[in-house]
Amino acid sequence: MIAETKKTPAARYGMSIDVDRCNGCGSCMVACAVENNVPPAASGATDRTGLTWIRVFRIDNGAEGSGRRSAFVPVLCQHCGKDAPCVSVCPQQAVDVDPATGIVGQMPERCLGCRYCMAACPYHARYFNWWDPTWPAGMEKTLNPDVAPRMRGVVEKCNFCHGRWHAAKAKAVANGKNEIDPADYIPACVEACPSGAIHFGKLNDPATETAQGARHPDSFRMLESLGTDPKIYYHSKKNWVREISSAPRPGLAKENARG
Amino acid sequence: MVREMAKEMDKEFITRGVRRCSSPRFLLWLAPWVAMLLFGAYSAGLCLVKGLNQTNMDNRYAFGLWIFVDLTIIALGAGAFFTGFLLYILKFKELRAVINSAVVIGLVCYSGAMAALMVDVGQPLRAWFTFWYPNVHSMLTEVTFCISCYLCVLFIEYLPIVLKNRKLRDIPSFLVFEFELHKLIYVLAGVGTFLSFFHQGSLGGLYGVLRGRPFAFREGIFVWPSTFFLFIISAAAVGPSFLIFTTWLVEKITGKRLAKDRVFDLLARISGILLSVYVLAKTIDTLIWINRTSPALGFTASQYYDWKPFGTWILFAEIVLCGLVPALILLTPRLRAQRAWLIPAAALACCGVALNRYVQTVQTLALPTLSFDKFLSYTPSWQEVGTFLGVLAYGVLVYSFSFRYFRIFPEERELKTEVRLQQEEEPVLAGRF
Amino acid sequence: MTNSRRDIFKFAGGAVAGALFTPAPWRLITDTALWSENWPGIPRPARGEIRAKFTNCALCPAGCAVRARCVGEQPVSLAGVHGGLCPFGLTGHHLPYHPARLKQGPIEEAKAAVRKRAPDGIAILDLNPGRTVSWTYRRAMASLQGLYLAPESQPVAYDLSAAKTVLSIGAPLLDGWGTPANVNAARQNFRLIQAEAVESRTAVLADEWIPLAPGTERAFAQEILGALQGERTSVVARELTADGSSFVLGDAPEIPEINRLLGAYGKIIVAPSEAPVPEPWKKSAAAITRLADVPDHSIGVLLIDESNAASYIPWHFIEPKLTGDNPLVVTFAATRGGYARHAQYALPIAVYPELTDDIAPAVDSIHPTFRISVPLVAPVVTPPAGLANPADFVGALAGVPVSNALRERADAIHQSAEGAIVTYADGKETPVKDLTADAFWKSLNQGARWDRPPGLSSLVPAASRSTLRPAEPIESSADLPLIAIREPHNPALVSPLMTKLYQESGLRLAPNRVALNPDDARAAHVPNGARAVLQTRIGRCSVEVTVDPAVPPGAVQVGGSPGIQDVCGPAARVKVVPA
């Protein structure tokens with residue numbers, strides 16, 4: 001799908017997200033939709049049928065009353081390692097892990113819409129186009145020309161703003177360089193976060209903030225026990241936040257408060 | 001005048017020696033099913049034209065009623081391949097009485113499932129991508145290939161049944177073609193068994209390979225998780241049961257005897273044995289899953305059953321109530337000889353398989369994976385139910401046509417004579433007193 | 001030779017079989033892939049040269065510096081120059097195309113009506129005070145002997161960088177308060193204690209959240225005041241006095257006195273500053289009148305400028321000021337949802353980023369600053385009569401020349417020869433005295449900001465007298481069991497993409513929604529997502545319900561729509577019933 005660049009060493013792009021700095025403003029969610037031509041919701045859409053490639057969840061420490069404390073966690077495609085659960089299940093090879101960047105890419109033009117990958121993903125990071133995308137009259141002028149809009153009936157998800165990677169690569173090549181300049185390749189959510197909670201960079205370059213954040217003892221990944229080897233590292237000083245890395249709390253039958 | 005001609009023509013197509021109801025009555029029988037089919041077509045049309053937002057599926061419930069129903073009817077339609085295997089390869093001659101019915105049921109189940117699947121995918125025009133860009137690692141690729149090929153096999157197996165029709169036999173080339181085809185029947189049965197083995201298994205493998213869903217994930221042999229083999233065994237076990245159930249149902253509706261008791265007895269015995277094997281295998285698999293597989297992924301098995309309404313009762317219902325109980329009934333000769341025990345047991349076995357498919361599809365998706373996930377519920381929309389009803393109506397219509405015009409039950413004529421002989425004897429005996 | 005039916009069938013069958021050996025059917029099949037990629041109404045994004053344009057965001061007084069990525073002339077995405085933008089700022093470029101945007105109105109008719117009725121007592125309500133156009137309104141009102149009205153606001157500015165401890169009683173300090181880039185930059189230097197009933201976005205990131213029972217914010221403030229006055233002890237008060245650089249933010253009338261006792265005035269709380277204003281304006285401008293000080297039934301004609309309003313004043317407070325017989329209300333608005341519901345004339349205006357307007361200073365702006373929001377696109381809406389320009393409308397009414405106001409203001413700043421201008425395109429800072437007036441004006445119009453560093457003598461503002469609202473009748477808790485908690489103010493017109501936050505996730509409370517605790521929702525028989533009615537002693541409003549366990553029992557979080565604020569603003573207690 002993407003030609004491997006033999007001259008440059010492969011990058012492993014990932015993120016380090018500081019949960020203690022996220023205030024749930026939603027700028028990342030909106031910036032992602034602007035960059036990737038995600039349409040506004042159809043009138044019947046809910047939070048279960050929406051298209052939110054990155055979605056900020058509100059979590060809490062499980063206490064009741066005045067002891068209850070919350071935090072906000074942005075969840076996006078975790079860009080799992082080479083054995084990503086969604087890659088092997090797609091019948092049409094519409095999903096792959098790019099060896100040059102580590103990005104798990106999705107080809108909406110190949111997608112049949114069988115939704116098997118959505119069943120496979122434990123992070124619920126994949127979204128289906130339940131409706132035809134529509135924009136209010138005139139608003140199509142504001143679409144990003146670098147990203148193709150998707151049709152109804154296909155799955156889409158975060159791809160670390162792959163269009164921006166391509167633009168950065170083209171710029172590097174035009175300047176006669178092999179490696180892209182990190183300042184040229186910043187995903188929309190990272191750029192938009194007002195509190196700078198999201199760091200993006202090469203995990204396999206120890207000098208990057210992202211790699212350092214990932215190595216910090218307070219860093220964790222979600223559902224590590226599943227062996228998905230995700231590239232999104234979360235960081236928090238609070239113990240109860242770090243607990244979200246593991247499975248749903250056993251024995252706690254939570255009432256379905258929100259439908 | 002035209003109506004008279006139509007009735008005459010209709011009679012000419014009906015198999016010699018058996019009685020079928022009059023044409024107007026047949027049309028009356030068809031009417032509600034046709035209405036249901038039209039409603040189903042309308043529901044499916046809505047989904048195709050307006051998009052899948054017409055359903056109640058969502059990003060958490062990526063699979064809903066249709067996938068559950070597809071898996072169930074494919075498992076129930078397994079009677080087609082298994083009966084063929086038993087008859088043509090293992091030479092259980094008694095099953096000749098029901099093989100045609102099994103083939104029709106199989107055809108109806110598989111073609112109906114394919115039709116529902118075409119509505120279920122977001123981009124039906126791209127259905128051929130799986131054949132052109134197949135992903136050899138995906139269970140769904142395997143399922144697509146095998147089911148498509150097996151559907152072709154089923155059509156070819158159905159063709160002789162059609163061609164043996166009283167009127168069509170008059171065409172010499174059809175007769176010759178049918179005769180030649182019959183020589184291939186063993187090949188077809190073998191190919192059908194081979195294909196079915198794999199696709200029934202891959203349907204199970206669909207969920208067993210999901211490492212991201214510890215509720216469904218199973219260890220196995222090489223690339224095949226244990227659910228691969230469990231699905232095959234359960235499909236083989238329930239195929240004969242479904243055949244028992246449908247044959248009895250058709251007998252009841254038409255008021256005729258269609259198969260001898262020893263056929264029912266054989267099917268019940270086979271089903272019972274396989275069901276016992278399945279229950280044993282499933283129990284071992286569940287124990288391994290509870291004690292090793294799930295904890296290794298960081299999920300304790302008990303937590304799955306903390307989410308209401310899916311308590312441990314569902315596990316009990318699947319393995320014991322709808323697995324062990326019907327197995328024991330079917331294995332007991334005295335019980336299986338009585339229809340009052342046999343039919344409910346067969347029905348329970350079918351329910352057990354349906355429950356198993358439901359657990360694999362719906363419960364897997366209902367259960368949270370992320371620690372801050374909520375447990376969500378799902379009810380199908382009327383469009384989804386309508387499409388399913390359309391498939392059901394299609395099945396009943398095809399079966400009704402086949403039953404009326406083709407020799408689905410070869411033993412019917414023989415059994416009719418038996419009954420008449422019995423009835424003729426009665427007055428003589430009564431006259432003694 | 002007789003052609004029998006059989007021959008025809010044979011020919012047809014052979015043709016089908018033969019066609020399979022030609023490319024035709026296979027080509028048709030592959031073409032389906034193309035059909036599935038092109039559907040009716042597929043949008044064709046603009047093509048053109050990619051360039052950057054710069055401006056300042058006019059949606060709120062933070063006035064964040066914006067870099068617009070444009071394809072040709074059309075902005076396709078916005079980003080902050082000094083850090084991230086809020087969700088509203090990120091999607092500002094969608095606003096001109098909003099389907100609910102007010103697109104036409106009888107401008108000439110309104111002009112004639114106002115002209116006729118002006119002698120009955122004219123007033124203008126400026127909901128975004130502090131801009132250059134605010135001076136225009138004041139000059140016009142002076143000429144017409146009318147009133148210039150502005151929302152209640154404390155005449156102070158806050159220097160967050162001078163604070164070591166901040167107690168915020170319900171103020172959204174980390175959620176759009178002041179200038180977010182500055183707040184984020186100063187965050188590491190102060191300890192934030194957030195005291196409020198709901199764990200808001202600010203409370204989540206605060207160093208400490210004190211959960212108050214709903215409706216007890218004033219009691220809490222009184223407790224602290226009492227502690228500072230020596231009447232009782234309070235842990236929080238002790239903490240505030242410990243390090244000497246602390247202040248309190250909030251609505252309660254006790255707070256100015258608390259801040260005075262903490263010695264915050266002159267240190268953290270300073271006089272607000274304004275960029276230089278042409279002297280003739282200052283002489284000919286009407287005073288700023290508070291709405292509360294206007295006698296009842298004295299306004300015959302009320303003009304309301306709702307563009308980029310910094311707040312919404314519930315109609316309940318405005319209506320008594322209008323005359324009894326046929327008052328005329330003309331509103332300049334971008335949507336029908338605000339005062340257009342109460343006005344006789346609602347006139348369409350340009351929206352950000354179509355308009356040219358300067359931006360009022362933010363509440364944490366401690367030195368004079370001047371920023372112009374320059375248009376990124378030409379006005380999208382051109383109804384036959386055009387868009388209304390409130391400044392021109394009012395200026396024509398009063399016979400005051402106003403079309404050059406921004407340039408005159410810029411010249412006044414340039415004349416002061418103080419401060420420097422930072423242009424976003426190259427990031428260069430140039431002292432004003434090194435530029436000609438024309439060059440200064442040109443830079444301002446290319447996306448820039450002018451700042452004058454604070455002088456040594458910042459006037460110490462007098463501790464403002466308490467702005468107590470007139471005593472509200474005591475509301476019985478029996479039939480109005482819940483206490484309303486309001487969301488921070490949001491822009492009136494928001495991009496259609498905000499469904500990501502309102503509808504496709506529950507991250508923010510949509511303007512027309514209310515959030516209830518599960519127990520309260522059950523008691524009121526309103527399930528999640530249901531339509532309901534919000535009832536207060538003022539009136540009723542149709543809403544949608546969100547059930548949220550994070551809302552404390554006995555409270556309801558209400559969205560910011562003008563309809564809800566009309567019934568909820570003046571009244572604290574509400575009831576929610578099924579629709």
# chains A, B, ... in the order shown; residues from 1 in each chain; ligands from 1
$ select_by_dssp --residues "region 8-193 of chain A" --states "strand (DSSP E)" --output "MDAnalysis selection string"
chainID A and resid 13:18 55:60 70:75 95:97 104:106 127:128 155:156
$ write_last_selection --atoms "C-alpha atoms" --output "PDB file, in the first residue's frame"
ATOM      1  CA  TYR A  13       5.162   7.137  15.428  1.00  0.00           C
ATOM      2  CA  GLY A  14       3.225   7.262  18.633  1.00  0.00           C
ATOM      3  CA  MET A  15       1.723   9.562  21.193  1.00  0.00           C
ATOM      4  CA  SER A  16       2.201  10.350  24.827  1.00  0.00           C
ATOM      5  CA  ILE A  17      -0.950  11.826  26.322  1.00  0.00           C
ATOM      6  CA  ASP A  18      -0.852  13.527  29.703  1.00  0.00           C
ATOM      7  CA  ARG A  55     -13.166  10.996  21.410  1.00  0.00           C
ATOM      8  CA  VAL A  56     -12.642  12.370  24.896  1.00  0.00           C
ATOM      9  CA  PHE A  57     -14.237  10.247  27.594  1.00  0.00           C
ATOM     10  CA  ARG A  58     -14.931  11.328  31.112  1.00  0.00           C
ATOM     11  CA  ILE A  59     -13.817   8.743  33.641  1.00  0.00           C
ATOM     12  CA  ASP A  60     -14.150   8.764  37.389  1.00  0.00           C
ATOM     13  CA  SER A  70     -13.119  12.773  37.302  1.00  0.00           C
ATOM     14  CA  ALA A  71     -10.563  12.919  34.576  1.00  0.00           C
ATOM     15  CA  PHE A  72     -10.739  13.200  30.816  1.00  0.00           C
ATOM     16  CA  VAL A  73      -9.150  10.649  28.540  1.00  0.00           C
ATOM     17  CA  PRO A  74      -8.858  11.155  24.783  1.00  0.00           C
ATOM     18  CA  VAL A  75      -9.290   7.815  23.015  1.00  0.00           C
ATOM     19  CA  VAL A  95      -6.133  -2.361   6.712  1.00  0.00           C
ATOM     20  CA  ASP A  96      -2.403  -2.532   7.062  1.00  0.00           C
ATOM     21  CA  VAL A  97       0.410  -1.489   9.369  1.00  0.00           C
ATOM     22  CA  VAL A 104      -2.301   1.454  11.050  1.00  0.00           C
ATOM     23  CA  GLY A 105      -3.908   2.657   7.860  1.00  0.00           C
ATOM     24  CA  GLN A 106      -7.450   2.134   6.603  1.00  0.00           C
ATOM     25  CA  TYR A 127     -16.325   4.229  13.241  1.00  0.00           C
ATOM     26  CA  PHE A 128     -18.844   3.298  10.589  1.00  0.00           C
ATOM     27  CA  VAL A 155     -15.314   2.169   8.245  1.00  0.00           C
ATOM     28  CA  GLU A 156     -12.960   4.998   9.081  1.00  0.00           C
TER      29      GLU A 156
END
$ closest_atom_pairs --of "region 144-207 of chain A" --to "region 78-85 of chain A" --cutoff "9 Å" --atoms "only C-alpha atoms" --output "CSV"
residue,atom,partner,partner_atom,distance
A:Cys158,CA,A:His79,CA,8.7
A:Asn159,CA,A:His79,CA,8.2
A:Phe160,CA,A:His79,CA,8.8
$ interface_residues --of "chain B" --to "chain A" --cutoff "8 Å" --atoms "only C-alpha atoms" --output "PDB file with N, CA and C atoms, in the first residue's frame"
ATOM      1  N   LYS B  50     -31.502   3.932   1.839  1.00  0.00           N
ATOM      2  CA  LYS B  50     -31.235   5.018   2.789  1.00  0.00           C
ATOM      3  C   LYS B  50     -29.958   4.783   3.591  1.00  0.00           C
ATOM      4  N   GLY B  51     -29.492   3.567   3.634  1.00  0.00           N
ATOM      5  CA  GLY B  51     -28.280   3.288   4.407  1.00  0.00           C
ATOM      6  C   GLY B  51     -28.591   2.518   5.672  1.00  0.00           C
ATOM      7  N   LEU B  52     -27.534   2.075   6.317  1.00  0.00           N
ATOM      8  CA  LEU B  52     -27.717   1.194   7.469  1.00  0.00           C
ATOM      9  C   LEU B  52     -28.150   1.942   8.712  1.00  0.00           C
ATOM     10  N   ASN B  53     -28.363   3.251   8.590  1.00  0.00           N
ATOM     11  CA  ASN B  53     -28.902   3.963   9.747  1.00  0.00           C
ATOM     12  C   ASN B  53     -30.349   3.546   9.988  1.00  0.00           C
ATOM     13  N   ASP B  58     -24.995  -0.054  15.854  1.00  0.00           N
ATOM     14  CA  ASP B  58     -24.197   1.154  16.044  1.00  0.00           C
ATOM     15  C   ASP B  58     -22.738   0.764  16.163  1.00  0.00           C
ATOM     16  N   ASN B  59     -21.917   1.718  16.531  1.00  0.00           N
ATOM     17  CA  ASN B  59     -20.479   1.448  16.527  1.00  0.00           C
ATOM     18  C   ASN B  59     -20.063   0.402  17.563  1.00  0.00           C
ATOM     19  N   ARG B  60     -20.836   0.226  18.610  1.00  0.00           N
ATOM     20  CA  ARG B  60     -20.555  -0.855  19.553  1.00  0.00           C
ATOM     21  C   ARG B  60     -21.170  -2.163  19.080  1.00  0.00           C
ATOM     22  N   TYR B  61     -22.389  -2.080  18.594  1.00  0.00           N
ATOM     23  CA  TYR B  61     -23.062  -3.273  18.076  1.00  0.00           C
ATOM     24  C   TYR B  61     -22.901  -3.304  16.562  1.00  0.00           C
ATOM     25  N   ALA B  62     -21.655  -3.573  16.148  1.00  0.00           N
ATOM     26  CA  ALA B  62     -21.401  -3.600  14.717  1.00  0.00           C
ATOM     27  C   ALA B  62     -22.148  -4.759  14.065  1.00  0.00           C
ATOM     28  N   PHE B  63     -22.373  -5.812  14.831  1.00  0.00           N
ATOM     29  CA  PHE B  63     -23.162  -6.937  14.334  1.00  0.00           C
ATOM     30  C   PHE B  63     -24.449  -6.998  15.141  1.00  0.00           C
ATOM     31  N   ASP B 120     -26.564  -6.424   4.747  1.00  0.00           N
ATOM     32  CA  ASP B 120     -25.853  -6.067   5.971  1.00  0.00           C
ATOM     33  C   ASP B 120     -24.571  -5.288   5.708  1.00  0.00           C
ATOM     34  N   VAL B 121     -23.889  -5.576   4.601  1.00  0.00           N
ATOM     35  CA  VAL B 121     -22.627  -4.868   4.374  1.00  0.00           C
ATOM     36  C   VAL B 121     -22.915  -3.460   3.882  1.00  0.00           C
ATOM     37  N   GLY B 122     -22.001  -2.550   4.168  1.00  0.00           N
ATOM     38  CA  GLY B 122     -22.226  -1.156   3.819  1.00  0.00           C
ATOM     39  C   GLY B 122     -22.155  -0.888   2.334  1.00  0.00           C
ATOM     40  N   GLN B 123     -21.348  -1.658   1.615  1.00  0.00           N
ATOM     41  CA  GLN B 123     -21.138  -1.420   0.197  1.00  0.00           C
ATOM     42  C   GLN B 123     -21.310  -2.730  -0.564  1.00  0.00           C
ATOM     43  N   PRO B 124     -22.531  -3.147  -0.837  1.00  0.00           N
ATOM     44  CA  PRO B 124     -22.740  -4.436  -1.505  1.00  0.00           C
ATOM     45  C   PRO B 124     -22.083  -4.511  -2.884  1.00  0.00           C
ATOM     46  N   ARG B 126     -19.282  -3.812  -3.614  1.00  0.00           N
ATOM     47  CA  ARG B 126     -17.886  -4.210  -3.484  1.00  0.00           C
ATOM     48  C   ARG B 126     -17.743  -5.643  -3.005  1.00  0.00           C
ATOM     49  N   ALA B 127     -18.814  -6.403  -3.094  1.00  0.00           N
ATOM     50  CA  ALA B 127     -18.772  -7.777  -2.589  1.00  0.00           C
ATOM     51  C   ALA B 127     -17.681  -8.581  -3.263  1.00  0.00           C
ATOM     52  N   PHE B 129     -14.747  -7.695  -3.960  1.00  0.00           N
ATOM     53  CA  PHE B 129     -13.392  -7.376  -3.494  1.00  0.00           C
ATOM     54  C   PHE B 129     -12.782  -8.534  -2.716  1.00  0.00           C
ATOM     55  N   THR B 130     -13.630  -9.244  -1.958  1.00  0.00           N
ATOM     56  CA  THR B 130     -13.076 -10.337  -1.166  1.00  0.00           C
ATOM     57  C   THR B 130     -12.481 -11.406  -2.063  1.00  0.00           C
ATOM     58  N   TYR B 133      -9.201  -9.365  -3.785  1.00  0.00           N
ATOM     59  CA  TYR B 133      -8.111  -8.950  -2.899  1.00  0.00           C
ATOM     60  C   TYR B 133      -8.165  -9.751  -1.597  1.00  0.00           C
ATOM     61  N   PRO B 134      -8.166 -11.075  -1.697  1.00  0.00           N
ATOM     62  CA  PRO B 134      -8.445 -11.822  -0.468  1.00  0.00           C
ATOM     63  C   PRO B 134      -7.324 -11.698   0.552  1.00  0.00           C
ATOM     64  N   ASN B 135      -7.693 -11.680   1.787  1.00  0.00           N
ATOM     65  CA  ASN B 135      -6.734 -11.656   2.882  1.00  0.00           C
ATOM     66  C   ASN B 135      -6.693 -13.060   3.458  1.00  0.00           C
ATOM     67  N   VAL B 136      -5.583 -13.758   3.204  1.00  0.00           N
ATOM     68  CA  VAL B 136      -5.539 -15.170   3.588  1.00  0.00           C
ATOM     69  C   VAL B 136      -5.564 -15.364   5.090  1.00  0.00           C
ATOM     70  N   HIS B 137      -5.293 -14.290   5.847  1.00  0.00           N
ATOM     71  CA  HIS B 137      -5.271 -14.451   7.302  1.00  0.00           C
ATOM     72  C   HIS B 137      -6.647 -14.297   7.924  1.00  0.00           C
ATOM     73  N   SER B 138      -7.594 -13.839   7.132  1.00  0.00           N
ATOM     74  CA  SER B 138      -8.891 -13.522   7.722  1.00  0.00           C
ATOM     75  C   SER B 138      -9.863 -14.681   7.619  1.00  0.00           C
ATOM     76  N   MET B 139     -10.526 -14.966   8.727  1.00  0.00           N
ATOM     77  CA  MET B 139     -11.526 -16.026   8.740  1.00  0.00           C
ATOM     78  C   MET B 139     -12.698 -15.670   7.824  1.00  0.00           C
ATOM     79  N   LEU B 140     -12.968 -14.387   7.717  1.00  0.00           N
ATOM     80  CA  LEU B 140     -14.120 -13.969   6.915  1.00  0.00           C
ATOM     81  C   LEU B 140     -13.877 -14.227   5.429  1.00  0.00           C
ATOM     82  N   THR B 141     -12.630 -14.161   4.992  1.00  0.00           N
ATOM     83  CA  THR B 141     -12.316 -14.508   3.598  1.00  0.00           C
ATOM     84  C   THR B 141     -12.661 -15.959   3.347  1.00  0.00           C
ATOM     85  N   LEU B 210     -10.613 -13.359  17.835  1.00  0.00           N
ATOM     86  CA  LEU B 210     -10.631 -11.959  18.243  1.00  0.00           C
ATOM     87  C   LEU B 210      -9.874 -11.766  19.547  1.00  0.00           C
ATOM     88  N   ARG B 211      -8.606 -11.471  19.428  1.00  0.00           N
ATOM     89  CA  ARG B 211      -7.790 -11.294  20.618  1.00  0.00           C
ATOM     90  C   ARG B 211      -8.252 -10.064  21.412  1.00  0.00           C
ATOM     91  N   GLY B 212      -8.925  -9.135  20.710  1.00  0.00           N
ATOM     92  CA  GLY B 212      -9.402  -7.945  21.387  1.00  0.00           C
ATOM     93  C   GLY B 212     -10.686  -8.162  22.168  1.00  0.00           C
ATOM     94  N   ARG B 213     -11.263  -9.346  22.054  1.00  0.00           N
ATOM     95  CA  ARG B 213     -12.507  -9.643  22.769  1.00  0.00           C
ATOM     96  C   ARG B 213     -12.291 -10.892  23.602  1.00  0.00           C
ATOM     97  N   ALA B 296      -5.373 -15.097  31.135  1.00  0.00           N
ATOM     98  CA  ALA B 296      -4.096 -14.744  30.500  1.00  0.00           C
ATOM     99  C   ALA B 296      -4.185 -13.409  29.773  1.00  0.00           C
ATOM    100  N   LEU B 297      -5.384 -13.033  29.358  1.00  0.00           N
ATOM    101  CA  LEU B 297      -5.565 -11.756  28.679  1.00  0.00           C
ATOM    102  C   LEU B 297      -5.912 -10.648  29.653  1.00  0.00           C
ATOM    103  N   GLY B 298      -5.918 -10.964  30.943  1.00  0.00           N
ATOM    104  CA  GLY B 298      -6.181  -9.935  31.935  1.00  0.00           C
ATOM    105  C   GLY B 298      -7.648  -9.764  32.282  1.00  0.00           C
ATOM    106  N   PHE B 299      -8.478 -10.682  31.830  1.00  0.00           N
ATOM    107  CA  PHE B 299      -9.913 -10.567  32.122  1.00  0.00           C
ATOM    108  C   PHE B 299     -10.341 -11.802  32.902  1.00  0.00           C
ATOM    109  N   THR B 300     -10.858 -11.617  34.118  1.00  0.00           N
ATOM    110  CA  THR B 300     -11.362 -12.790  34.837  1.00  0.00           C
ATOM    111  C   THR B 300     -12.737 -13.152  34.289  1.00  0.00           C
ATOM    112  N   SER B 302     -15.345 -14.443  35.513  1.00  0.00           N
ATOM    113  CA  SER B 302     -16.557 -14.160  36.290  1.00  0.00           C
ATOM    114  C   SER B 302     -17.100 -12.775  35.976  1.00  0.00           C
ATOM    115  N   GLN B 303     -16.234 -11.854  35.610  1.00  0.00           N
ATOM    116  CA  GLN B 303     -16.718 -10.489  35.402  1.00  0.00           C
ATOM    117  C   GLN B 303     -17.675 -10.408  34.222  1.00  0.00           C
ATOM    118  N   ASP B 306     -21.150 -10.637  35.408  1.00  0.00           N
ATOM    119  CA  ASP B 306     -21.643  -9.636  36.347  1.00  0.00           C
ATOM    120  C   ASP B 306     -22.519  -8.609  35.683  1.00  0.00           C
ATOM    121  N   TRP B 307     -22.474  -8.562  34.365  1.00  0.00           N
ATOM    122  CA  TRP B 307     -23.239  -7.542  33.663  1.00  0.00           C
ATOM    123  C   TRP B 307     -24.631  -8.076  33.381  1.00  0.00           C
ATOM    124  N   LYS B 308     -25.632  -7.444  34.050  1.00  0.00           N
ATOM    125  CA  LYS B 308     -26.988  -7.911  33.795  1.00  0.00           C
ATOM    126  C   LYS B 308     -27.367  -7.569  32.365  1.00  0.00           C
ATOM    127  N   LEU B 365     -20.297  -8.490  21.871  1.00  0.00           N
ATOM    128  CA  LEU B 365     -20.238  -7.051  21.620  1.00  0.00           C
ATOM    129  C   LEU B 365     -20.841  -6.244  22.752  1.00  0.00           C
ATOM    130  N   PRO B 368     -18.296  -4.922  27.914  1.00  0.00           N
ATOM    131  CA  PRO B 368     -17.273  -3.888  27.793  1.00  0.00           C
ATOM    132  C   PRO B 368     -15.877  -4.483  27.723  1.00  0.00           C
ATOM    133  N   THR B 369     -14.981  -3.788  27.033  1.00  0.00           N
ATOM    134  CA  THR B 369     -13.577  -4.173  27.047  1.00  0.00           C
ATOM    135  C   THR B 369     -12.760  -3.118  27.784  1.00  0.00           C
ATOM    136  N   LEU B 370     -12.990  -1.846  27.443  1.00  0.00           N
ATOM    137  CA  LEU B 370     -12.286  -0.790  28.165  1.00  0.00           C
ATOM    138  C   LEU B 370     -12.898  -0.646  29.548  1.00  0.00           C
ATOM    139  N   SER B 371     -12.094  -0.271  30.521  1.00  0.00           N
ATOM    140  CA  SER B 371     -12.595  -0.238  31.896  1.00  0.00           C
ATOM    141  C   SER B 371     -13.640   0.842  32.101  1.00  0.00           C
ATOM    142  N   PHE B 372     -13.693   1.841  31.213  1.00  0.00           N
ATOM    143  CA  PHE B 372     -14.707   2.876  31.396  1.00  0.00           C
ATOM    144  C   PHE B 372     -15.842   2.737  30.391  1.00  0.00           C
ATOM    145  N   ASP B 373     -15.861   1.602  29.704  1.00  0.00           N
ATOM    146  CA  ASP B 373     -16.988   1.303  28.811  1.00  0.00           C
ATOM    147  C   ASP B 373     -18.248   1.116  29.619  1.00  0.00           C
ATOM    148  N   LYS B 374     -19.379   1.431  28.987  1.00  0.00           N
ATOM    149  CA  LYS B 374     -20.625   1.081  29.635  1.00  0.00           C
ATOM    150  C   LYS B 374     -21.186  -0.178  28.969  1.00  0.00           C
ATOM    151  N   PHE B 375     -21.998  -0.876  29.701  1.00  0.00           N
ATOM    152  CA  PHE B 375     -22.720  -1.995  29.099  1.00  0.00           C
ATOM    153  C   PHE B 375     -23.884  -1.413  28.321  1.00  0.00           C
ATOM    154  N   LEU B 376     -23.938  -1.687  27.058  1.00  0.00           N
ATOM    155  CA  LEU B 376     -24.993  -1.109  26.219  1.00  0.00           C
ATOM    156  C   LEU B 376     -25.937  -2.196  25.747  1.00  0.00           C
ATOM    157  N   SER B 377     -27.168  -1.821  25.487  1.00  0.00           N
ATOM    158  CA  SER B 377     -28.131  -2.816  25.000  1.00  0.00           C
ATOM    159  C   SER B 377     -28.553  -2.470  23.584  1.00  0.00           C
TER     160      SER B 377
END
$ interface_residues --of "chain C" --to "chain A" --cutoff "7 Å" --atoms "only C-alpha atoms" --output "ChimeraX atom specification"
/C:37,43,45-47,74-77,79,83-87,90,94,97-99,184,201-202,204-205,211,496-497,499-501,503-505,507,518,528,547
$ residues_around --residues "Leu144 (chain C)" --least-positions-apart "5" --cutoff "9 Å" --atoms "only C-alpha atoms" --output "list of chain:residue names"
C:Ala118, C:Pro119, C:Ile122, C:Arg139, C:Leu397, C:Ala398
$ closest_atom_pairs --of "chain C" --to "chain B" --cutoff "8 Å" --atoms "only C-alpha atoms" --output "JSON lines"
{"residue": "C:Thr32", "atom": "CA", "partner": "B:Leu125", "partner_atom": "CA", "distance": 5.9}
{"residue": "C:Ala33", "atom": "CA", "partner": "B:Arg126", "partner_atom": "CA", "distance": 6.2}
{"residue": "C:Ser36", "atom": "CA", "partner": "B:Leu125", "partner_atom": "CA", "distance": 6.7}
